[in-house]
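Structure below is target06.txt: compact mmCIF, C-alpha atoms.
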# COMPACT_ATOMS: atom_id res chain seq x y z
CA MET A 16 14.75 -155.46 -80.71
CA THR A 17 14.57 -152.57 -78.40
CA GLU A 18 11.50 -150.68 -77.61
CA SER A 19 11.05 -147.66 -79.68
CA THR A 20 10.04 -144.71 -77.66
CA THR A 21 9.76 -142.58 -80.69
CA THR A 22 6.57 -144.04 -81.92
CA THR A 23 3.83 -141.72 -81.82
CA ASP A 24 0.70 -143.29 -80.97
CA GLY A 25 -1.14 -142.55 -77.91
CA ARG A 26 -2.58 -145.40 -76.14
CA PRO A 27 -6.00 -146.42 -76.64
CA VAL A 28 -8.40 -146.86 -74.06
CA GLU A 29 -10.97 -149.32 -74.41
CA GLY A 30 -14.47 -148.78 -74.20
CA VAL A 31 -16.50 -150.32 -71.87
CA VAL A 32 -19.64 -151.06 -72.84
CA GLN A 33 -21.36 -153.94 -73.99
CA GLU A 34 -22.02 -156.29 -71.31
CA LEU A 35 -24.86 -154.82 -69.52
CA ALA A 36 -27.12 -155.63 -72.25
CA ARG A 37 -26.30 -159.19 -72.14
CA ASP A 38 -28.84 -160.89 -70.06
CA ASP A 39 -32.38 -159.96 -69.57
CA VAL A 40 -32.39 -160.16 -65.86
CA GLY A 41 -29.34 -158.01 -65.43
CA ARG A 42 -30.64 -155.64 -67.96
CA LYS A 43 -34.02 -155.14 -66.45
CA LYS A 44 -32.57 -154.78 -63.05
CA PHE A 45 -30.18 -152.24 -64.36
CA LEU A 46 -32.81 -150.34 -66.23
CA LYS A 47 -35.00 -150.23 -63.23
CA MET A 48 -32.25 -149.01 -61.04
CA ALA A 49 -30.34 -146.83 -63.46
CA GLY A 50 -33.13 -145.61 -65.66
CA LYS A 51 -34.80 -143.85 -62.83
CA THR A 52 -31.81 -142.46 -61.10
CA MET A 53 -30.23 -141.03 -64.14
CA GLY A 54 -31.95 -140.91 -67.46
CA ALA A 55 -31.82 -137.95 -69.73
CA GLY A 56 -30.43 -135.50 -67.25
CA ALA A 57 -27.35 -137.54 -66.57
CA ALA A 58 -26.86 -138.20 -70.23
CA ALA A 59 -27.00 -134.53 -71.03
CA THR A 60 -24.51 -133.88 -68.31
CA SER A 61 -22.13 -136.46 -69.63
CA LEU A 62 -22.42 -135.09 -73.11
CA ALA A 63 -21.71 -131.64 -71.79
CA ALA A 64 -18.69 -133.01 -70.01
CA PHE A 65 -17.59 -134.57 -73.25
CA ILE A 66 -17.90 -131.34 -75.15
CA ALA A 67 -16.22 -129.37 -72.43
CA ALA A 68 -13.38 -131.84 -72.40
CA CYS A 69 -13.00 -131.38 -76.12
CA GLY A 70 -12.28 -127.74 -75.52
CA GLY A 71 -9.48 -128.14 -73.07
CA SER A 72 -6.72 -129.55 -75.12
CA SER A 73 -3.04 -129.74 -74.60
CA SER A 74 -1.71 -132.18 -77.10
CA SER A 75 -1.67 -132.32 -80.83
CA SER A 76 -3.09 -135.09 -82.87
CA SER A 77 -0.58 -135.50 -85.61
CA SER A 78 2.20 -136.43 -83.30
CA ALA A 79 0.95 -138.12 -80.23
CA ALA A 80 4.37 -138.62 -78.76
CA ALA A 81 3.87 -135.89 -76.26
CA SER A 82 0.55 -137.17 -75.09
CA SER A 83 1.91 -140.65 -74.81
CA THR A 84 4.55 -139.43 -72.47
CA ALA A 85 2.12 -137.38 -70.53
CA ALA A 86 -0.14 -140.36 -70.21
CA SER A 87 2.07 -142.02 -67.69
CA SER A 88 1.14 -139.49 -65.12
CA ALA A 89 -2.52 -139.73 -65.83
CA VAL A 90 -3.19 -143.26 -64.84
CA THR A 91 -6.29 -142.53 -62.99
CA GLY A 92 -8.01 -140.63 -65.72
CA THR A 93 -11.25 -138.93 -64.98
CA PRO A 94 -12.82 -139.72 -61.69
CA ALA A 95 -16.13 -141.36 -62.17
CA SER A 96 -18.94 -141.05 -59.76
CA SER A 97 -21.19 -144.03 -59.40
CA SER A 98 -23.25 -145.26 -62.29
CA SER A 99 -23.68 -141.90 -63.98
CA GLY A 100 -19.92 -142.10 -64.28
CA ASP A 101 -20.33 -145.38 -66.10
CA LEU A 102 -22.75 -143.84 -68.58
CA ALA A 103 -20.33 -141.03 -69.25
CA ILE A 104 -17.55 -143.53 -69.81
CA VAL A 105 -19.71 -145.70 -72.04
CA ASN A 106 -20.74 -142.70 -74.10
CA TYR A 107 -17.15 -141.59 -74.33
CA ALA A 108 -16.15 -145.00 -75.62
CA LEU A 109 -19.15 -145.02 -77.94
CA THR A 110 -18.08 -141.70 -79.43
CA LEU A 111 -14.58 -143.01 -80.06
CA GLU A 112 -15.95 -146.18 -81.60
CA TYR A 113 -18.27 -144.18 -83.87
CA LEU A 114 -15.28 -142.24 -85.11
CA GLU A 115 -13.25 -145.39 -85.66
CA SER A 116 -16.09 -147.02 -87.47
CA GLN A 117 -16.59 -143.99 -89.74
CA PHE A 118 -12.88 -143.84 -90.35
CA TYR A 119 -12.67 -147.43 -91.55
CA ALA A 120 -15.77 -147.05 -93.70
CA LYS A 121 -14.20 -144.08 -95.47
CA VAL A 122 -10.86 -145.79 -95.80
CA VAL A 123 -12.45 -148.87 -97.31
CA ARG A 124 -14.33 -146.74 -99.84
CA SER A 125 -11.34 -144.57 -100.63
CA GLY A 126 -9.86 -146.92 -103.19
CA LEU A 127 -6.44 -146.46 -101.62
CA PHE A 128 -6.21 -150.08 -100.53
CA HIS A 129 -6.58 -153.42 -102.25
CA GLY A 130 -6.19 -157.10 -101.63
CA ALA A 131 -5.10 -158.36 -98.24
CA THR A 132 -4.73 -154.91 -96.74
CA LEU A 133 -8.22 -153.96 -97.81
CA SER A 134 -9.58 -157.16 -96.25
CA LEU A 135 -7.76 -156.40 -93.05
CA LEU A 136 -9.18 -152.88 -92.93
CA LYS A 137 -12.65 -154.22 -93.59
CA SER A 138 -12.47 -156.73 -90.78
CA PHE A 139 -11.11 -154.16 -88.33
CA GLY A 140 -13.93 -151.85 -89.38
CA GLU A 141 -16.49 -154.57 -88.75
CA GLU A 142 -15.08 -155.10 -85.30
CA GLU A 143 -15.39 -151.40 -84.53
CA ASN A 144 -19.00 -151.61 -85.70
CA GLU A 145 -19.57 -154.42 -83.25
CA HIS A 146 -18.17 -152.22 -80.51
CA VAL A 147 -20.50 -149.41 -81.54
CA MET A 148 -23.54 -151.63 -81.43
CA ALA A 149 -22.65 -153.17 -78.12
CA LEU A 150 -21.81 -149.85 -76.48
CA LYS A 151 -24.92 -148.24 -77.81
CA GLY A 152 -26.97 -151.04 -76.29
CA VAL A 153 -25.33 -150.55 -72.92
CA ALA A 154 -25.71 -146.77 -73.07
CA LYS A 155 -29.39 -147.23 -73.80
CA SER A 156 -29.78 -149.44 -70.80
CA LEU A 157 -28.12 -146.76 -68.67
CA GLY A 158 -29.70 -143.67 -70.18
CA THR A 159 -29.26 -141.80 -73.42
CA PRO A 160 -26.55 -142.87 -75.85
CA ALA A 161 -24.17 -140.23 -77.16
CA ALA A 162 -25.09 -138.62 -80.44
CA VAL A 163 -23.35 -139.84 -83.55
CA PRO A 164 -20.37 -137.54 -84.15
CA VAL A 165 -19.48 -136.39 -87.64
CA GLY A 166 -15.93 -137.43 -88.23
CA LYS A 167 -13.56 -135.83 -90.70
CA PHE A 168 -10.45 -137.64 -91.74
CA PRO A 169 -7.78 -136.64 -94.21
CA LEU A 170 -7.35 -139.57 -96.59
CA THR A 171 -4.53 -138.42 -98.80
CA SER A 172 -2.42 -141.49 -99.40
CA ALA A 173 -2.22 -145.09 -98.33
CA ALA A 174 0.86 -144.33 -96.26
CA ALA A 175 -0.76 -141.40 -94.49
CA VAL A 176 -3.92 -143.37 -93.84
CA THR A 177 -1.99 -146.27 -92.36
CA LYS A 178 -0.18 -143.89 -90.09
CA LEU A 179 -3.43 -142.30 -89.01
CA ALA A 180 -4.99 -145.71 -88.45
CA GLY A 181 -2.10 -146.60 -86.17
CA ALA A 182 -2.53 -143.40 -84.22
CA VAL A 183 -6.27 -143.95 -83.92
CA GLU A 184 -5.96 -147.51 -82.64
CA ASN A 185 -3.18 -146.74 -80.21
CA LEU A 186 -5.23 -143.87 -78.92
CA GLY A 187 -8.25 -146.12 -78.55
CA ALA A 188 -6.26 -148.67 -76.55
CA SER A 189 -4.92 -145.93 -74.25
CA ALA A 190 -8.40 -144.52 -73.81
CA TYR A 191 -9.92 -147.80 -72.67
CA LEU A 192 -6.96 -148.49 -70.41
CA GLY A 193 -7.38 -145.08 -68.84
CA GLN A 194 -11.02 -145.69 -68.00
CA ALA A 195 -10.90 -149.27 -66.77
CA PRO A 196 -10.17 -148.39 -63.13
CA ASN A 197 -12.97 -145.81 -63.18
CA ILE A 198 -15.73 -148.18 -64.18
CA LYS A 199 -18.05 -149.08 -61.35
CA SER A 200 -20.03 -151.89 -62.92
CA LYS A 201 -18.09 -155.14 -63.05
CA GLU A 202 -20.07 -156.11 -66.09
CA ILE A 203 -19.21 -152.99 -68.00
CA LEU A 204 -15.63 -153.41 -66.91
CA ALA A 205 -15.51 -156.94 -68.31
CA ALA A 206 -16.85 -155.67 -71.61
CA ALA A 207 -14.39 -152.81 -71.68
CA LEU A 208 -11.49 -155.15 -71.09
CA SER A 209 -12.76 -157.39 -73.85
CA ILE A 210 -12.77 -154.46 -76.27
CA HIS A 211 -9.53 -152.97 -74.96
CA THR A 212 -7.42 -155.90 -76.12
CA ILE A 213 -9.02 -155.79 -79.56
CA GLU A 214 -7.93 -152.18 -79.94
CA ALA A 215 -4.48 -153.29 -78.79
CA ARG A 216 -4.35 -156.01 -81.44
CA HIS A 217 -5.36 -153.51 -84.11
CA ALA A 218 -2.78 -151.03 -82.86
CA ALA A 219 0.03 -153.59 -82.87
CA THR A 220 -0.92 -154.58 -86.39
CA PHE A 221 -0.59 -151.06 -87.75
CA ASN A 222 2.59 -150.46 -85.82
CA THR A 223 4.05 -153.57 -87.39
CA LEU A 224 2.95 -152.47 -90.85
CA LEU A 225 4.52 -149.09 -90.18
CA LYS A 226 7.77 -150.72 -89.02
CA LEU A 227 7.26 -149.34 -85.55
CA SER A 228 7.43 -151.31 -82.35
CA PRO A 229 4.21 -153.23 -81.68
CA THR A 230 4.68 -152.19 -78.06
CA PRO A 231 5.67 -148.53 -78.22
CA ASP A 232 5.43 -148.11 -74.44
CA GLY A 233 7.51 -151.16 -73.68
CA ALA A 234 6.30 -153.80 -71.25
CA PHE A 235 3.58 -151.66 -69.69
CA ALA A 236 1.00 -149.87 -71.78
CA LYS A 237 0.28 -146.33 -70.72
CA PRO A 238 -3.24 -145.10 -70.18
CA MET A 239 -4.60 -141.76 -71.31
CA SER A 240 -7.17 -139.68 -69.51
CA MET A 241 -10.42 -138.61 -71.12
CA ALA A 242 -9.18 -135.05 -71.49
CA GLN A 243 -5.99 -136.17 -73.18
CA VAL A 244 -7.82 -138.40 -75.59
CA LEU A 245 -10.47 -135.86 -76.45
CA ALA A 246 -7.83 -133.25 -77.15
CA VAL A 247 -6.30 -135.58 -79.71
CA VAL A 248 -9.65 -136.51 -81.18
CA LYS A 249 -11.04 -133.00 -81.45
CA PRO A 250 -9.58 -132.17 -84.87
CA PHE A 251 -11.30 -135.23 -86.28
CA ILE A 252 -14.77 -134.12 -85.28
CA ALA A 253 -16.51 -131.79 -87.69
CA MET B 19 4.16 -188.39 -76.68
CA ARG B 20 3.67 -187.46 -73.20
CA HIS B 21 3.47 -183.96 -72.17
CA SER B 22 4.09 -182.80 -75.63
CA ASP B 23 1.14 -184.42 -77.19
CA GLN B 24 -1.06 -183.49 -74.37
CA ALA B 25 -0.23 -179.90 -74.00
CA SER B 26 -0.85 -178.90 -77.53
CA PRO B 27 -4.37 -180.15 -77.95
CA GLU B 28 -5.35 -178.65 -74.66
CA LEU B 29 -4.07 -175.29 -75.64
CA ALA B 30 -5.39 -175.61 -79.09
CA ALA B 31 -8.82 -176.24 -77.71
CA VAL B 32 -8.81 -172.95 -75.95
CA GLU B 33 -7.67 -171.23 -79.04
CA VAL B 34 -10.24 -172.91 -81.21
CA HIS B 35 -12.85 -172.02 -78.72
CA GLY B 36 -12.13 -168.39 -79.39
CA HIS B 37 -11.75 -168.70 -83.09
CA THR B 38 -14.50 -170.57 -84.62
CA ARG B 39 -18.12 -171.01 -84.22
CA ALA B 40 -18.60 -168.99 -81.10
CA SER B 41 -17.01 -165.94 -82.59
CA PHE B 42 -19.12 -166.20 -85.68
CA MET B 43 -22.21 -166.46 -83.62
CA VAL B 44 -21.29 -163.41 -81.66
CA ARG B 45 -20.52 -161.49 -84.79
CA GLY B 46 -23.72 -162.53 -86.43
CA ALA B 47 -25.76 -161.68 -83.42
CA LEU B 48 -24.12 -158.32 -83.10
CA ALA B 49 -24.75 -157.59 -86.71
CA ALA B 50 -28.39 -158.33 -86.15
CA GLY B 51 -28.86 -155.38 -83.89
CA ALA B 52 -27.76 -153.60 -80.82
CA VAL B 53 -30.04 -155.19 -78.31
CA MET B 54 -29.47 -158.66 -79.53
CA GLY B 55 -25.82 -157.93 -79.92
CA ALA B 56 -25.49 -156.81 -76.40
CA SER B 57 -27.17 -159.91 -75.11
CA ALA B 58 -24.94 -162.04 -77.27
CA VAL B 59 -21.94 -160.59 -75.54
CA GLY B 60 -23.43 -161.67 -72.26
CA PRO B 61 -21.98 -165.15 -72.12
CA LEU B 62 -18.49 -163.76 -72.55
CA VAL B 63 -18.96 -161.47 -69.68
CA THR B 64 -20.57 -164.01 -67.45
CA ARG B 65 -17.55 -166.16 -68.03
CA ALA B 66 -15.38 -163.45 -66.62
CA PHE B 67 -17.02 -163.84 -63.25
CA ALA B 68 -17.39 -167.55 -63.14
CA ALA B 69 -13.92 -168.06 -61.84
CA SER B 70 -13.54 -165.89 -59.01
CA ALA B 71 -13.74 -165.65 -55.39
CA SER B 72 -10.02 -165.24 -55.20
CA SER B 73 -8.19 -162.57 -53.30
CA ASP B 74 -6.14 -159.99 -55.12
CA ILE B 75 -2.96 -161.73 -54.02
CA ASP B 76 -4.22 -165.06 -55.38
CA ILE B 77 -4.97 -163.43 -58.70
CA LEU B 78 -1.60 -161.71 -58.83
CA ASN B 79 0.12 -165.00 -58.06
CA PHE B 80 -1.85 -166.70 -60.76
CA ALA B 81 -0.76 -164.01 -63.20
CA LEU B 82 2.81 -164.37 -61.96
CA THR B 83 2.75 -168.07 -62.79
CA LEU B 84 1.69 -167.32 -66.34
CA GLU B 85 4.35 -164.65 -66.69
CA TYR B 86 6.99 -167.06 -65.37
CA LEU B 87 5.84 -169.51 -67.98
CA GLU B 88 6.05 -166.99 -70.80
CA THR B 89 9.42 -165.70 -69.68
CA ASP B 90 10.90 -169.19 -69.56
CA PHE B 91 9.41 -169.98 -72.95
CA TYR B 92 10.74 -166.91 -74.74
CA THR B 93 14.07 -166.92 -72.96
CA ASN B 94 15.14 -170.53 -72.62
CA LYS B 95 13.00 -172.48 -75.02
CA ALA B 96 13.66 -169.94 -77.73
CA LYS B 97 17.35 -170.65 -77.29
CA THR B 98 17.10 -174.43 -77.47
CA VAL B 99 14.85 -174.25 -80.49
CA GLY B 100 17.25 -171.90 -82.23
CA LEU B 101 15.00 -169.22 -83.63
CA THR B 102 16.13 -167.14 -86.57
CA GLY B 103 15.26 -163.90 -88.31
CA GLU B 104 12.17 -161.96 -87.33
CA ALA B 105 11.03 -164.71 -84.98
CA LYS B 106 14.27 -164.45 -83.05
CA LYS B 107 14.01 -160.68 -82.77
CA LEU B 108 10.38 -160.77 -81.74
CA ALA B 109 10.95 -163.49 -79.14
CA ALA B 110 13.85 -161.54 -77.63
CA MET B 111 11.72 -158.44 -77.31
CA ILE B 112 8.81 -160.34 -75.81
CA ALA B 113 11.10 -162.19 -73.40
CA GLY B 114 12.31 -158.91 -71.97
CA GLN B 115 8.79 -157.62 -71.51
CA GLU B 116 7.50 -160.80 -69.87
CA ALA B 117 10.44 -160.64 -67.47
CA GLN B 118 9.39 -157.12 -66.55
CA HIS B 119 5.88 -158.39 -65.87
CA VAL B 120 7.35 -161.03 -63.57
CA ALA B 121 9.32 -158.39 -61.69
CA ALA B 122 6.35 -156.04 -61.38
CA LEU B 123 3.98 -158.75 -60.17
CA THR B 124 6.55 -160.07 -57.72
CA SER B 125 7.00 -156.70 -56.10
CA ALA B 126 3.28 -156.01 -56.08
CA ILE B 127 2.63 -159.27 -54.26
CA LYS B 128 5.36 -158.52 -51.74
CA ALA B 129 4.11 -155.00 -51.22
CA ALA B 130 0.65 -156.38 -50.54
CA GLY B 131 2.10 -158.62 -47.84
CA GLY B 132 1.79 -161.79 -49.90
CA THR B 133 4.30 -164.45 -50.84
CA PRO B 134 5.12 -164.70 -54.53
CA VAL B 135 4.81 -168.22 -55.91
CA LYS B 136 8.06 -169.96 -56.68
CA LEU B 137 9.31 -170.31 -60.19
CA PRO B 138 7.87 -173.58 -61.51
CA THR B 139 9.60 -175.94 -63.94
CA PHE B 140 8.03 -175.94 -67.36
CA VAL B 141 7.95 -178.31 -70.28
CA PHE B 142 7.17 -177.00 -73.73
CA PRO B 143 6.26 -179.42 -76.50
CA VAL B 144 8.00 -177.55 -79.28
CA THR B 145 10.90 -178.64 -81.42
CA ASN B 146 11.29 -176.04 -84.13
CA GLN B 147 10.49 -172.47 -85.03
CA LYS B 148 7.13 -173.34 -86.46
CA SER B 149 5.87 -175.18 -83.41
CA PHE B 150 7.43 -172.55 -81.17
CA LEU B 151 5.48 -169.77 -82.84
CA LYS B 152 2.32 -171.80 -82.82
CA LEU B 153 2.55 -172.28 -79.08
CA ALA B 154 3.58 -168.64 -78.61
CA TYR B 155 0.37 -167.58 -80.29
CA VAL B 156 -1.70 -169.81 -78.04
CA LEU B 157 0.13 -168.66 -74.91
CA GLU B 158 -0.38 -164.98 -75.67
CA ASN B 159 -4.04 -165.45 -76.44
CA THR B 160 -4.45 -167.47 -73.26
CA GLY B 161 -2.74 -164.66 -71.37
CA VAL B 162 -5.14 -162.12 -72.81
CA GLY B 163 -8.11 -164.25 -71.81
CA ALA B 164 -6.70 -164.87 -68.35
CA TYR B 165 -6.14 -161.21 -67.51
CA ASN B 166 -9.43 -160.16 -69.03
CA GLY B 167 -11.18 -162.88 -67.05
CA ALA B 168 -9.54 -161.97 -63.76
CA GLY B 169 -9.68 -158.18 -64.14
CA PRO B 170 -13.19 -157.62 -62.82
CA SER B 171 -12.40 -159.71 -59.74
CA LEU B 172 -9.58 -157.46 -58.58
CA SER B 173 -10.74 -155.27 -55.76
CA ASN B 174 -7.83 -152.84 -55.69
CA PRO B 175 -8.11 -150.37 -58.61
CA ALA B 176 -4.34 -150.00 -58.70
CA TYR B 177 -3.97 -153.70 -59.51
CA LEU B 178 -6.65 -153.39 -62.14
CA ALA B 179 -4.74 -150.54 -63.74
CA ALA B 180 -1.58 -152.65 -63.70
CA ALA B 181 -3.35 -155.72 -65.06
CA GLY B 182 -4.84 -153.60 -67.83
CA SER B 183 -1.46 -152.21 -68.67
CA ILE B 184 -0.03 -155.73 -68.90
CA VAL B 185 -2.89 -157.34 -70.79
CA GLN B 186 -2.66 -154.73 -73.49
CA ILE B 187 0.92 -155.84 -74.03
CA GLU B 188 -0.09 -159.50 -74.19
CA ALA B 189 -2.64 -158.60 -76.86
CA ARG B 190 0.00 -156.72 -78.82
CA HIS B 191 2.30 -159.73 -78.60
CA ALA B 192 -0.49 -161.98 -79.82
CA ALA B 193 -1.12 -159.74 -82.81
CA SER B 194 2.58 -159.53 -83.63
CA ILE B 195 2.90 -163.30 -83.64
CA ALA B 196 -0.28 -163.61 -85.67
CA LEU B 197 1.15 -161.28 -88.31
CA LEU B 198 4.39 -163.21 -88.44
CA THR B 199 2.68 -166.55 -88.85
CA GLY B 200 -0.42 -165.66 -90.82
CA GLN B 201 -2.83 -166.48 -88.02
CA LYS B 202 -5.86 -164.51 -86.96
CA ILE B 203 -5.10 -161.13 -85.46
CA THR B 204 -8.42 -161.13 -83.63
CA PRO B 205 -9.17 -164.80 -83.04
CA SER B 206 -12.55 -164.17 -81.49
CA GLY B 207 -13.71 -161.21 -83.56
CA GLY B 208 -14.64 -157.90 -82.00
CA PHE B 209 -14.49 -159.06 -78.38
CA ASP B 210 -11.71 -160.98 -76.69
CA ILE B 211 -13.21 -163.78 -74.67
CA PRO B 212 -12.36 -163.74 -70.96
CA LEU B 213 -11.17 -167.09 -69.62
CA THR B 214 -11.95 -168.56 -66.24
CA LYS B 215 -9.12 -169.70 -64.02
CA ALA B 216 -10.12 -173.30 -64.71
CA LYS B 217 -9.87 -172.76 -68.45
CA VAL B 218 -6.49 -171.15 -68.12
CA LEU B 219 -5.27 -173.98 -65.93
CA ALA B 220 -6.54 -176.53 -68.40
CA ALA B 221 -4.50 -174.78 -71.05
CA ALA B 222 -1.33 -174.00 -69.13
CA GLY B 223 -1.38 -176.84 -66.63
CA PRO B 224 0.13 -179.45 -68.94
CA LEU B 225 3.10 -177.15 -69.47
CA ILE B 226 3.85 -176.95 -65.76
CA LYS B 227 6.02 -179.84 -64.76
CA SER B 228 6.41 -178.99 -61.12
Rendering of file as structure tokens:
Amino acid sequence: MTESTTTTDGRPVEGVVQELARDDVGRKKFLKMAGKTMGAGAAATSLAAFIAACGGSSSSSSSAAASSTAASSAVTGTPASSSSGDLAIVNYALTLEYLESQFYAKVVRSGLFHGATLSLLKSFGEEENEHVMALKGVAKSLGTPAAVPVGKFPLTSAAAVTKLAGAVENLGASAYLGQAPNIKSKEILAAALSIHTIEARHAATFNTLLKLSPTPDGAFAKPMSMAQVLAVVKPFIA
Amino acid sequence: MRHSDQASPELAAVEVHGHTRASFMVRGALAAGAVMGASAVGPLVTRAFAASASSDIDILNFALTLEYLETDFYTNKAKTVGLTGEAKKLAAMIAGQEAQHVAALTSAIKAAGGTPVKLPTFVFPVTNQKSFLKLAYVLENTGVGAYNGAGPSLSNPAYLAAAGSIVQIEARHAASIALLTGQKITPSGGFDIPLTKAKVLAAAGPLIKS
């Protein structure tokens, strides 16, 4: 089996988020330290950065092949500065997870799937919800969590939805991978890695269902920068 | 009855650890609310740090050992077992990718001025396609946990980027094998559990003969 380079999906990047919230001591310490230094101002800035990034697109969403190729040169992603960088990354991941979660909820309700496939979609959706909750908790501990985006997804047929799901998950995996080296907090990094491989498992599942290679980039997954990911995501935000 | 019977339970324990009660607890806690959820994830994260005071080169060599193991398994053991059909195709693809991980880690260690560990001799307690795939699933999940556990300890961001790039592939392999064999695609729910070096050694150690 040779690697298919024709598969479309972008790589997902994992989000980063949950671990800060984990223990009380760490949390309080973090809040004390981070809450004061950043807070609402930093959050607003990161949101602005997010929106600005949405505007500067260069790749199309339907076929992510181009962005996947481009990703190889964007290993470093967006430079993060200190802990306000972490909040921006966490909120970025949170936004992506919100969209994924909304996507699965709509897909599950669409009536397009039944039986084992429906169960699979439900469990993936639950996992994305877990990511949302964890990331939101971490974002809160750092400052202000990103607003809930309003996603819009074309759900025309089971085949089209499966294809979109594959694109979404591969994008998510590339997104987390792109941010991992930018994360300052070791705790947030550990959480991001823990989510990253879940997105990868989801992505490989859809690729397999779609008869595509489970490893479209070959032996080394390619990261995507924040700007690349947001460009792909933009059409799915109302 | 020697290595064979020992290796499996060890590995299975790691797998079970991810699969069962703990994952349900995490899920349940997460469902209960964000704050509680976040704290429930804590133990997983703490585990990621428990292992490490190792240097980057130590970590890369540790990863190299695991990649050697996987490469030998998918290349040589796959042959002696005589895989067929989809399993054969999948193993061949994975073998090639694990070999690339070996090559990449070897050159990274050399470039960092370190000495790559030598190729060990392995013993795999599998006799047929079914037991091969069962162990493959455990090995890939152990690999995911190992990289995720070691990642935060890497001090050079370039190695972290490389480790991330590799661990994503291990996770994709794990999912592919899960789909082929009807096992859980996400054995520990929404969060893959990082493994300490000790846990990984407990799992992989019995497979290393010398």
Of B:Lys107, B:Lys217, B:Lys136, B:Lys95, the one sitting nearest chain A when using only C-alpha atoms is B:Lys107
Of B:Gln186, B:Thr93, B:Thr102, B:Thr133, the one sitting nearest A:Ala236 when using only C-alpha atoms is B:Gln186
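Residues surrounding A:Lys201 within 7 Å are Leu204 and Ala205 of chain A; Pro170 of chain B [all atoms listed in the file; sequence separation below 3 positions excluded].
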Atom CA of B:Gly161 sits from atom CA of B:Gly207 at a separation of 16.8 Å
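The space separating atom CA of B:Asp74 from atom CA of B:Val185 comes to 16.2 Å.
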### Task
Within 10 Å of (5.9, -171.9, -82.0) (coordinates as in the file), grab all the protein and nucleic acid residues, counting all atoms listed in the file, and write them out as JSON, numbers by chain.
{"B": [91, 95, 96, 99, 101, 105, 142, 143, 144, 145, 146, 147, 148, 149, 150, 151, 152, 153, 154, 155, 156, 157, 195, 199]}
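The coordinates place atom CA of A:Ser240 at 5.4 Å from atom CA of A:Gly193.
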The residue from A:Gln243, A:Ser209, A:Asn185, A:Ser228 with the smallest atom-to-atom distance to chain B, counting all atoms listed in the file, is A:Ser209
Within 6 Å of file point (-0.8, -147.2, -82.4), counting only C-alpha atoms, expressed as a PyMOL selection string: chain A and resi 24+181-182+184-185+218+222
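Between A:His146 and the candidates A:Pro231, A:Gly187, A:Gly126, A:Gly158, the tightest atom-to-atom separation, counting all atoms listed in the file, involves A:Gly187.
With distances restricted to only C-alpha atoms, B:His119 is the closest residue to chain A from B:Val135, B:His119, B:Lys202, B:Ala130.
Nearest to chain B of all the residues A:Lys249, A:Ile203, A:Met148, A:Tyr191 is A:Met148, based on only C-alpha atoms.
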Which residues are near A:Glu214? Cut-off 12 Å, all atoms listed in the file, ignore same chain within fewer than 5 positions. Put them as a PyMOL selection string.
(chain A and resi 25-31+108+111-112+115+139-140+142-143+146+180-192+207-209+219-221) or (chain B and resi 185-187+189-190+193+203-204+207-210)
